[in-house]
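This is model-v9.txt (compact mmCIF, C-alpha atoms).
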```txt
# COMPACT_ATOMS: atom_id res chain seq x y z
CA MET Y 1 146.80 100.28 19.24
CA ARG Y 2 144.03 100.58 21.76
CA THR Y 3 141.33 103.18 22.29
CA GLN Y 4 137.95 103.39 23.93
CA VAL Y 5 135.97 104.25 20.79
CA CYS Y 6 137.04 103.51 17.21
CA ILE Y 7 135.18 105.76 14.76
CA ILE Y 8 135.10 104.84 11.08
CA GLY Y 9 134.70 107.90 8.88
CA ALA Y 10 136.18 111.40 9.25
CA GLY Y 11 133.25 113.34 7.89
CA PRO Y 12 131.28 115.75 10.08
CA SER Y 13 129.57 112.96 12.06
CA GLY Y 14 132.72 111.11 13.02
CA LEU Y 15 134.64 114.29 13.79
CA LEU Y 16 131.82 115.76 15.88
CA LEU Y 17 131.50 112.60 17.96
CA SER Y 18 135.26 112.43 18.46
CA GLN Y 19 135.39 116.07 19.57
CA LEU Y 20 132.46 115.75 21.98
CA LEU Y 21 133.89 112.58 23.54
CA HIS Y 22 137.29 114.22 23.90
CA LEU Y 23 135.81 117.05 25.94
CA LYS Y 24 134.49 114.42 28.38
CA GLY Y 25 137.83 112.63 28.61
CA ILE Y 26 136.81 109.70 26.39
CA GLU Y 27 139.46 108.52 23.94
CA SER Y 28 138.79 107.85 20.27
CA ILE Y 29 140.62 107.12 17.04
CA VAL Y 30 139.09 108.09 13.69
CA LEU Y 31 139.75 106.13 10.51
CA GLU Y 32 139.22 107.73 7.09
CA ARG Y 33 139.33 106.05 3.68
CA LYS Y 34 140.24 109.26 1.83
CA THR Y 35 142.49 112.24 2.47
CA LYS Y 36 141.54 115.31 4.48
CA GLU Y 37 141.60 117.38 1.28
CA TYR Y 38 139.17 115.00 -0.39
CA VAL Y 39 136.72 115.19 2.52
CA LEU Y 40 136.87 118.99 2.52
CA GLY Y 41 136.33 119.06 -1.24
CA ARG Y 42 132.85 117.57 -0.99
CA ILE Y 43 130.22 120.26 -1.54
CA ARG Y 44 127.15 119.50 0.53
CA ALA Y 45 124.17 121.26 2.06
CA GLY Y 46 124.52 123.50 5.04
CA VAL Y 47 121.16 124.20 6.68
CA LEU Y 48 121.65 123.47 10.38
CA GLU Y 49 118.77 122.85 12.75
CA HIS Y 50 118.86 124.81 15.99
CA GLY Y 51 119.67 121.62 17.92
CA PHE Y 52 122.64 120.87 15.65
CA ALA Y 53 123.93 124.42 16.12
CA GLU Y 54 123.72 123.97 19.89
CA LEU Y 55 125.66 120.71 19.61
CA MET Y 56 128.40 122.51 17.65
CA ARG Y 57 128.63 125.10 20.40
CA GLU Y 58 128.79 122.37 23.05
CA ALA Y 59 131.66 120.83 21.10
CA GLY Y 60 133.51 124.15 21.24
CA VAL Y 61 133.42 124.65 17.47
CA GLY Y 62 130.57 127.11 17.06
CA GLU Y 63 132.44 130.41 17.08
CA ARG Y 64 132.97 130.77 13.31
CA MET Y 65 129.53 129.32 12.61
CA ASP Y 66 127.95 132.00 14.79
CA ARG Y 67 130.10 134.70 13.25
CA GLU Y 68 129.80 133.80 9.56
CA GLY Y 69 126.63 131.71 9.33
CA PHE Y 70 123.32 133.17 8.17
CA ILE Y 71 120.42 132.93 10.60
CA HIS Y 72 117.18 132.15 8.79
CA ASP Y 73 113.98 132.88 10.65
CA GLY Y 74 111.80 131.61 7.81
CA THR Y 75 111.58 130.27 4.28
CA ILE Y 76 109.61 131.05 1.12
CA ILE Y 77 107.17 128.62 -0.50
CA ALA Y 78 106.27 129.49 -4.08
CA TYR Y 79 103.78 128.01 -6.51
CA ASP Y 80 103.51 129.30 -10.05
CA ASN Y 81 103.76 133.08 -9.61
CA ASN Y 82 102.57 133.14 -6.00
CA GLN Y 83 104.66 132.99 -2.84
CA PHE Y 84 104.26 133.07 0.92
CA ARG Y 85 106.57 132.89 3.91
CA ILE Y 86 106.72 130.36 6.73
CA ASP Y 87 107.93 132.28 9.79
CA PHE Y 88 110.06 129.91 11.89
CA ALA Y 89 110.57 132.42 14.70
CA GLU Y 90 106.84 133.06 15.09
CA ARG Y 91 105.55 129.53 14.47
CA ALA Y 92 108.30 127.50 16.21
CA ASN Y 93 110.21 130.04 18.31
CA ALA Y 94 113.47 128.92 16.69
CA SER Y 95 115.58 129.39 13.58
CA VAL Y 96 118.09 127.57 11.39
CA ILE Y 97 121.63 128.57 10.41
CA VAL Y 98 122.93 128.38 6.85
CA TYR Y 99 126.58 127.37 7.18
CA GLY Y 100 128.30 125.21 4.58
CA GLN Y 101 129.12 121.63 5.47
CA THR Y 102 132.65 122.15 4.15
CA GLU Y 103 133.23 124.98 6.62
CA LEU Y 104 131.65 123.04 9.45
CA THR Y 105 133.93 120.09 8.72
CA ARG Y 106 136.93 122.41 8.50
CA ASP Y 107 136.13 123.73 11.99
CA LEU Y 108 135.92 120.20 13.35
CA TYR Y 109 139.25 119.22 11.79
CA ALA Y 110 140.88 122.30 13.32
CA ALA Y 111 139.51 121.38 16.75
CA ARG Y 112 140.65 117.77 16.62
CA GLU Y 113 144.08 118.70 15.29
CA SER Y 114 144.59 121.37 17.96
CA GLU Y 115 143.98 118.70 20.60
CA ASN Y 116 146.23 116.17 18.83
CA GLY Y 117 143.26 113.93 18.08
CA THR Y 118 144.22 110.80 16.17
CA ILE Y 119 142.85 110.68 12.62
CA ILE Y 120 144.31 108.04 10.30
CA TYR Y 121 143.84 108.69 6.57
CA ASN Y 122 144.02 106.49 3.46
CA VAL Y 123 142.89 103.37 5.30
CA GLU Y 124 141.91 100.39 3.15
CA ASP Y 125 140.22 97.03 3.64
CA VAL Y 126 138.58 97.94 6.96
CA ARG Y 127 137.23 94.93 8.84
CA ILE Y 128 135.18 95.14 12.02
CA GLN Y 129 135.79 92.03 14.08
CA ASP Y 130 133.91 90.51 17.04
CA ALA Y 131 131.41 93.35 17.18
CA ASP Y 132 128.94 90.98 18.80
CA GLY Y 133 131.47 89.92 21.44
CA ASP Y 134 133.12 91.50 24.46
CA LYS Y 135 136.39 92.55 22.78
CA PRO Y 136 135.75 94.15 19.40
CA TYR Y 137 138.63 95.28 17.21
CA VAL Y 138 139.11 96.86 13.81
CA GLU Y 139 141.65 95.69 11.24
CA TYR Y 140 142.74 97.78 8.27
CA ASN Y 141 145.63 98.46 5.92
CA VAL Y 142 147.61 101.66 5.37
CA GLY Y 143 150.22 101.65 2.62
CA GLY Y 144 149.97 97.89 2.36
CA GLN Y 145 150.69 97.39 6.05
CA GLY Y 146 148.15 95.66 8.25
CA GLN Y 147 147.04 97.46 11.42
CA ARG Y 148 144.72 96.69 14.33
CA ILE Y 149 142.84 98.81 16.87
CA ASP Y 150 141.35 97.20 19.97
CA CYS Y 151 138.47 99.14 21.48
CA ASP Y 152 135.39 99.08 23.65
CA TYR Y 153 133.03 100.23 20.90
CA VAL Y 154 133.02 100.78 17.12
CA VAL Y 155 131.01 103.62 15.57
CA GLY Y 156 130.25 103.49 11.86
CA CYS Y 157 130.11 107.00 10.36
CA ASP Y 158 131.32 105.73 6.98
CA GLY Y 159 128.29 106.45 4.80
CA PHE Y 160 125.98 104.30 2.75
CA HIS Y 161 128.78 102.48 0.91
CA GLY Y 162 130.92 101.90 4.00
CA VAL Y 163 131.69 98.64 5.72
CA SER Y 164 129.88 99.29 9.00
CA ARG Y 165 126.26 98.59 8.04
CA LYS Y 166 127.29 95.55 6.01
CA THR Y 167 129.03 94.13 9.08
CA ILE Y 168 125.62 93.54 10.67
CA PRO Y 169 124.40 90.15 9.41
CA GLU Y 170 121.68 90.38 6.76
CA THR Y 171 119.50 88.07 8.83
CA LEU Y 172 119.45 90.66 11.63
CA ARG Y 173 118.89 93.91 9.72
CA LYS Y 174 115.91 95.12 7.77
CA GLU Y 175 116.20 97.84 5.13
CA TYR Y 176 113.51 100.20 3.88
CA GLU Y 177 113.96 102.19 0.70
CA LYS Y 178 112.06 104.50 -1.63
CA ILE Y 179 113.57 105.65 -4.94
CA TYR Y 180 112.14 108.88 -6.35
CA PRO Y 181 111.61 109.05 -10.13
CA PHE Y 182 113.65 112.24 -10.61
CA GLY Y 183 116.81 113.99 -9.52
CA TRP Y 184 118.06 117.47 -8.73
CA LEU Y 185 120.31 119.27 -11.17
CA GLY Y 186 122.38 121.58 -8.97
CA VAL Y 187 124.54 124.53 -9.91
CA LEU Y 188 126.99 126.37 -7.67
CA SER Y 189 127.89 129.90 -8.78
CA GLU Y 190 129.86 132.81 -7.40
CA THR Y 191 126.85 135.10 -7.41
CA PRO Y 192 124.84 136.77 -4.64
CA PRO Y 193 121.71 134.85 -3.56
CA VAL Y 194 118.45 135.88 -5.18
CA HIS Y 195 116.82 136.11 -1.75
CA ASP Y 196 118.05 136.27 1.85
CA GLU Y 197 116.05 133.11 2.66
CA LEU Y 198 115.56 129.85 0.77
CA ILE Y 199 112.87 129.69 -1.91
CA TYR Y 200 111.16 126.32 -2.45
CA SER Y 201 109.13 126.45 -5.64
CA ASN Y 202 106.44 124.20 -7.09
CA SER Y 203 105.71 124.95 -10.75
CA GLN Y 204 104.03 123.36 -13.74
CA ARG Y 205 107.54 122.66 -15.07
CA GLY Y 206 108.79 120.99 -11.89
CA PHE Y 207 110.45 121.81 -8.61
CA ALA Y 208 113.14 124.47 -8.07
CA LEU Y 209 115.15 125.62 -5.05
CA CYS Y 210 117.10 128.83 -4.53
CA SER Y 211 119.62 128.59 -1.71
CA MET Y 212 123.02 129.93 -0.74
CA ARG Y 213 126.36 129.16 0.86
CA ASN Y 214 127.40 132.73 1.66
CA GLU Y 215 126.80 136.29 0.48
CA ASN Y 216 128.57 135.65 -2.84
CA LEU Y 217 128.10 131.93 -3.33
CA SER Y 218 124.70 130.60 -4.39
CA ARG Y 219 123.32 127.12 -4.89
CA TYR Y 220 120.36 126.52 -7.20
CA TYR Y 221 118.51 123.33 -8.09
CA ILE Y 222 115.90 122.24 -10.59
CA GLN Y 223 114.09 118.93 -10.78
CA CYS Y 224 115.15 116.84 -13.78
CA PRO Y 225 114.81 113.28 -15.13
CA LEU Y 226 117.26 110.77 -13.71
CA ASP Y 227 118.72 109.98 -17.11
CA HIS Y 228 119.86 113.55 -17.76
CA ASN Y 229 123.57 114.35 -17.84
CA PRO Y 230 124.88 117.58 -16.28
CA GLU Y 231 127.07 118.11 -19.33
CA ASP Y 232 123.95 118.31 -21.50
CA TRP Y 233 122.89 121.42 -19.60
CA SER Y 234 124.66 124.62 -20.56
CA ASP Y 235 124.76 127.38 -17.96
CA ASP Y 236 122.41 129.49 -20.07
CA ALA Y 237 119.91 126.63 -20.38
CA PHE Y 238 119.96 126.08 -16.62
CA TRP Y 239 119.40 129.75 -15.77
CA GLU Y 240 116.56 130.08 -18.26
CA GLU Y 241 114.82 127.00 -16.90
CA LEU Y 242 115.28 128.16 -13.31
CA LYS Y 243 113.69 131.53 -14.15
CA ARG Y 244 110.65 129.73 -15.58
CA ARG Y 245 110.12 127.85 -12.31
CA ILE Y 246 110.36 130.65 -9.74
CA PRO Y 247 108.12 133.71 -9.26
CA GLU Y 248 108.69 136.57 -11.71
CA GLU Y 249 109.80 138.85 -8.87
CA ALA Y 250 112.66 136.48 -8.02
CA ALA Y 251 113.48 135.78 -11.68
CA GLU Y 252 113.94 139.48 -12.37
CA LYS Y 253 116.37 139.83 -9.45
CA LEU Y 254 118.36 136.67 -10.26
CA ILE Y 255 122.03 137.37 -10.96
CA THR Y 256 123.52 134.66 -13.12
CA GLY Y 257 127.12 133.68 -13.77
CA PRO Y 258 129.37 130.79 -14.77
CA SER Y 259 128.81 127.59 -12.82
CA ILE Y 260 131.75 126.41 -10.73
CA GLU Y 261 130.12 123.05 -10.02
CA LYS Y 262 127.25 121.24 -11.70
CA SER Y 263 125.86 117.82 -10.81
CA ILE Y 264 122.71 115.71 -10.66
CA ALA Y 265 121.73 114.12 -7.35
CA PRO Y 266 119.16 111.30 -7.27
CA LEU Y 267 116.55 111.40 -4.51
CA ARG Y 268 115.84 108.48 -2.23
CA SER Y 269 114.81 107.53 1.27
CA PHE Y 270 116.61 104.73 3.08
CA VAL Y 271 116.57 103.37 6.64
CA THR Y 272 118.18 100.31 8.13
CA GLU Y 273 117.12 98.77 11.43
CA PRO Y 274 118.57 98.27 13.99
CA MET Y 275 121.30 100.90 14.32
CA ARG Y 276 123.21 98.85 16.87
CA TRP Y 277 124.66 95.35 16.80
CA GLY Y 278 126.60 94.38 19.89
CA LYS Y 279 129.44 96.87 20.26
CA LEU Y 280 128.85 98.42 16.82
CA PHE Y 281 126.75 101.56 16.39
CA LEU Y 282 125.68 103.17 13.10
CA CYS Y 283 125.37 106.92 12.58
CA GLY Y 284 124.34 109.15 9.68
CA ASP Y 285 124.32 107.87 6.10
CA ALA Y 286 125.57 104.48 7.26
CA ALA Y 287 122.06 103.95 8.64
CA HIS Y 288 119.72 106.30 6.79
CA ILE Y 289 119.35 108.69 3.86
CA VAL Y 290 116.68 111.33 3.27
CA PRO Y 291 115.80 113.31 0.14
CA PRO Y 292 117.38 116.78 0.33
CA THR Y 293 113.98 118.51 0.11
CA GLY Y 294 113.64 119.04 3.86
CA ALA Y 295 117.35 119.76 4.53
CA LYS Y 296 117.57 116.82 6.95
CA GLY Y 297 120.57 114.78 5.77
CA LEU Y 298 123.28 116.39 7.87
CA ASN Y 299 120.83 117.08 10.68
CA THR Y 300 119.71 113.47 11.06
CA ALA Y 301 123.37 112.50 11.41
CA ALA Y 302 123.72 115.12 14.13
CA SER Y 303 120.76 113.71 16.04
CA ASP Y 304 122.41 110.27 15.99
CA ILE Y 305 125.60 111.80 17.39
CA TYR Y 306 123.59 113.56 20.09
CA TYR Y 307 122.04 110.31 21.32
CA LEU Y 308 125.23 108.27 21.07
CA TYR Y 309 127.45 110.92 22.67
CA HIS Y 310 125.16 111.24 25.68
CA ALA Y 311 124.85 107.46 25.94
CA MET Y 312 128.62 107.01 25.95
CA VAL Y 313 129.11 109.75 28.54
CA GLN Y 314 126.46 108.06 30.68
CA PHE Y 315 128.39 104.79 30.37
CA TYR Y 316 131.96 106.02 30.86
CA VAL Y 317 131.21 108.67 33.50
CA ASP Y 318 128.24 107.18 35.37
CA GLY Y 319 128.61 103.48 34.59
CA GLU Y 320 125.08 103.26 33.19
CA GLU Y 321 124.30 101.32 29.99
CA GLU Y 322 120.67 102.35 29.50
CA GLY Y 323 121.56 105.02 26.93
CA LEU Y 324 123.60 102.56 24.87
CA ASP Y 325 120.90 99.93 25.10
CA ARG Y 326 118.23 102.39 23.91
CA TYR Y 327 120.36 104.17 21.30
CA SER Y 328 118.88 102.45 18.26
CA GLU Y 329 115.31 102.83 19.50
CA LYS Y 330 115.67 106.55 20.27
CA ALA Y 331 117.63 107.39 17.13
CA LEU Y 332 115.20 105.58 14.83
CA ALA Y 333 112.16 107.23 16.41
CA ARG Y 334 113.51 110.63 15.39
CA ILE Y 335 114.85 109.42 12.04
CA TRP Y 336 111.45 108.19 10.91
CA LYS Y 337 109.92 111.56 11.77
CA ALA Y 338 112.59 113.26 9.66
CA GLU Y 339 111.93 110.77 6.84
CA ARG Y 340 108.23 111.63 7.05
CA PHE Y 341 108.92 115.35 6.80
CA SER Y 342 111.26 114.95 3.82
CA TRP Y 343 108.74 112.65 2.11
CA TRP Y 344 105.96 115.18 2.75
CA MET Y 345 107.96 118.11 1.37
CA SER Y 346 108.99 116.07 -1.67
CA ASN Y 347 105.36 115.19 -2.39
CA LEU Y 348 104.29 118.80 -1.85
CA LEU Y 349 106.76 120.39 -4.24
CA HIS Y 350 107.72 118.01 -7.05
CA LEU Y 351 106.07 117.10 -10.31
CA TYR Y 352 105.72 113.30 -10.50
CA PRO Y 353 105.61 111.46 -13.84
CA GLU Y 354 102.46 109.55 -12.90
CA GLN Y 355 100.55 112.58 -11.61
CA GLY Y 356 97.15 113.14 -13.16
CA GLU Y 357 94.98 116.23 -13.01
CA PHE Y 358 93.39 115.10 -9.75
CA ASP Y 359 96.79 114.63 -8.13
CA ARG Y 360 97.90 118.10 -9.20
CA LYS Y 361 94.70 119.60 -7.80
CA MET Y 362 95.30 117.84 -4.49
CA GLN Y 363 98.88 119.10 -4.42
CA ARG Y 364 97.67 122.64 -5.05
CA ALA Y 365 95.07 122.31 -2.29
CA GLU Y 366 97.77 121.15 0.12
CA ILE Y 367 99.95 124.18 -0.70
CA GLU Y 368 97.05 126.61 -0.38
CA PHE Y 369 96.07 125.04 2.94
CA LEU Y 370 99.63 125.54 4.17
CA GLU Y 371 99.50 129.15 2.99
CA THR Y 372 96.36 129.99 4.95
CA ASN Y 373 96.45 127.72 8.02
CA GLU Y 374 98.52 128.70 11.06
CA ALA Y 375 98.48 125.18 12.52
CA ALA Y 376 99.86 123.71 9.28
CA GLN Y 377 102.57 126.37 9.22
CA ARG Y 378 103.47 125.59 12.82
CA VAL Y 379 103.85 121.89 12.02
CA MET Y 380 106.12 122.66 9.06
CA ALA Y 381 108.17 125.19 11.03
CA GLU Y 382 108.65 122.85 13.99
CA ASN Y 383 109.86 120.09 11.70
CA TYR Y 384 112.09 122.34 9.61
CA VAL Y 385 113.95 123.92 12.54
CA GLY Y 386 114.27 120.48 14.12
CA LEU Y 387 112.22 118.36 16.47
CA PRO Y 388 113.50 118.03 20.05
CA PHE Y 389 116.18 115.42 20.68
```
File written out as structure tokens:
Amino acid sequence: MRTQVCIIGAGPSGLLLSQLLHLKGIESIVLERKTKEYVLGRIRAGVLEHGFAELMREAGVGERMDREGFIHDGTIIAYDNNQFRIDFAERANASVIVYGQTELTRDLYAARESENGTIIYNVEDVRIQDADGDKPYVEYNVGGQGQRIDCDYVVGCDGFHGVSRKTIPETLRKEYEKIYPFGWLGVLSETPPVHDELIYSNSQRGFALCSMRNENLSRYYIQCPLDHNPEDWSDDAFWEELKRRIPEEAAEKLITGPSIEKSIAPLRSFVTEPMRWGKLFLCGDAAHIVPPTGAKGLNTAASDIYYLYHAMVQFYVDGEEEGLDRYSEKALARIWKAERFSWWMSNLLHLYPEQGEFDRKMQRAEIEFLETNEAAQRVMAENYVGLPF
């Protein structure tokens, strides 16, 4: 087989790039290690920056998002029994949309399938060949049969454990990583959200987050040690601990119920440089990971797609290679800003094992400064809704 762009990974990044390229007449084939049902079964965050939402609309897949998503013009920051609101609309003249990643991915699948886009599932033993040459190709197996795709470019949207990043020689890539000394215990429940906006809470017992997927599906998190097991937490124990970490007003309104999913997610920051090697480009988790505190994981992937999509259109339509040549530089510049924001929010809201009394006082001073200073609120709002591409 031959195509112009071979995309490895049929998650939201790979599907979005394939859809955008299709609308410009650029051919692609998407390879996926799992089944479509498996991809859609992954429960992930769904806070979309305004720029990501615009990219979905440009891709022709924003109708259901605009109809069913929840527009958030602000968020709540709580500490102990106090709380204040950061007004995104006032401070940054923009908003975010809460729309589940599963639904977003479902919309992208529907779009690609309606246009007879080629997505190959259950691929194994993917090998990217001659990425540093003029004629790259991708080899893989399906059902024990070897296959090959010749292409102009390969795009790795296959996550942290995928083959794409590892294809770049170790001597040419540099990796940066920070492991946080705690995780998030998350519970998904078929209950109405406790608030119509997200609540980020710093307490003496540790961090908590109240979020939602829709009007009857809520997602709650509490900070916990990395060695905890979700099975050791009963639903009752989780709800009681959550109530201790959020303001009394919210705790009294909280509607609890059986968990339909419970898991612990470790927190880490990771960036690899460069994000291009020859004809191979990295996007999303294949190149970087952020802690979930700032809701940037899916959004940083979208910013990569934005830069690469426009670069490929510039090449195929206008014959210019500048966008491709500068892709890694431009993508990384924005990624590091997103990493900074996630790192800042994590430091602002979590209880660290090594924190002394001085550190806690400094953390409190930072929160109170944010509460009372318009400039600080503007900086947070601008970062939260998404920096310009």
With 8 Å as the cut-off and all atoms listed in the file counted, what is the closest atom pair between each nearby residue of range 47-92 of chain Y and range 240-264 of chain Y? Distances in Å to one decimal, ordered by chain and number, as CSV.
```
residue,atom,partner,partner_atom,distance
Y:Ala78,CA,Y:Pro247,CA,6.9
Y:Tyr79,CA,Y:Pro247,CA,7.7
Y:Asp80,CA,Y:Pro247,CA,6.4
Y:Asn81,CA,Y:Pro247,CA,4.4
Y:Asn82,CA,Y:Pro247,CA,6.5
Y:Gln83,CA,Y:Pro247,CA,7.3
```
So, counting only C-alpha atoms, which residue among Y:Ile120, Y:Val98, Y:Cys6, Y:Ala110 is closest to Tyr137 in chain Y?
Y:Cys6
Rank Y:Tyr220, Y:Phe70, Y:Trp184, Y:Phe88 by their smallest atom-to-atom distance to Trp239 in chain Y, using all atoms listed in the file, and report the top residue only.
Y:Tyr220
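Using only C-alpha atoms, the nearest neighbour of Leu17 in chain Y within the list Y:His228, Y:Ala59, Y:Arg91, Y:Thr35 is Y:Ala59.
The space separating CA of Glu37 in chain Y from CA of Thr105 in chain Y comes to 11.0 Å.
When CA of Ile97 in chain Y is paired with CA of Ser28 in chain Y, their separation reads 28.7 Å.
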Restricting the calculation to only C-alpha atoms, which member of Y:Lys279, Y:His50, Y:Arg44, Y:Lys296 is positioned closest to Asp132 in chain Y?
Y:Lys279
Test item: residues at most 8 Å from Arg2 in chain Y, only C-alpha atoms, excluding those fewer than 2 positions along its chain, as a ChimeraX atom specification:
/Y:4,149-151
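The shortest atom-to-atom distance to Gln129 in chain Y, with only C-alpha atoms taken into account, belongs to Y:Ile168 out of Y:Ile168, Y:Leu351, Y:Val313, Y:Ile86.
In this model, the gap between CA of Arg326 in chain Y and CA of Cys283 in chain Y comes to 14.1 Å.
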Rank nothing, just name the residue among Y:Leu370, Y:Leu280, Y:Ala53, Y:Met275 nearest to Lys330 in chain Y, using all atoms listed in the file.
Y:Met275
For Glu354 in chain Y, list every protein, DNA or RNA residue within 12 Å, evaluated using only C-alpha atoms, and leave out those in the same chain fewer than 4 positions away; present the list as a compact mmCIF listing (two decimals) with C-alpha atoms, keeping the file's coordinate frame.
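Generated file (result.txt):
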```txt
# COMPACT_ATOMS: atom_id res chain seq x y z
CA TYR Y 180 112.14 108.88 -6.35
CA PRO Y 181 111.61 109.05 -10.13
CA PHE Y 182 113.65 112.24 -10.61
CA HIS Y 350 107.72 118.01 -7.05
CA PHE Y 358 93.39 115.10 -9.75
CA ASP Y 359 96.79 114.63 -8.13
CA ARG Y 360 97.90 118.10 -9.20
```
Can you pull out every residue within 10 Å of Gly51 in chain Y, counting only C-alpha atoms, but drop anything in the same chain fewer than 2 positions away, and send it as a VMD selection string?
chain Y and resid 48 to 49 53 to 57 94 to 96 299 302 to 303 306 385 to 389
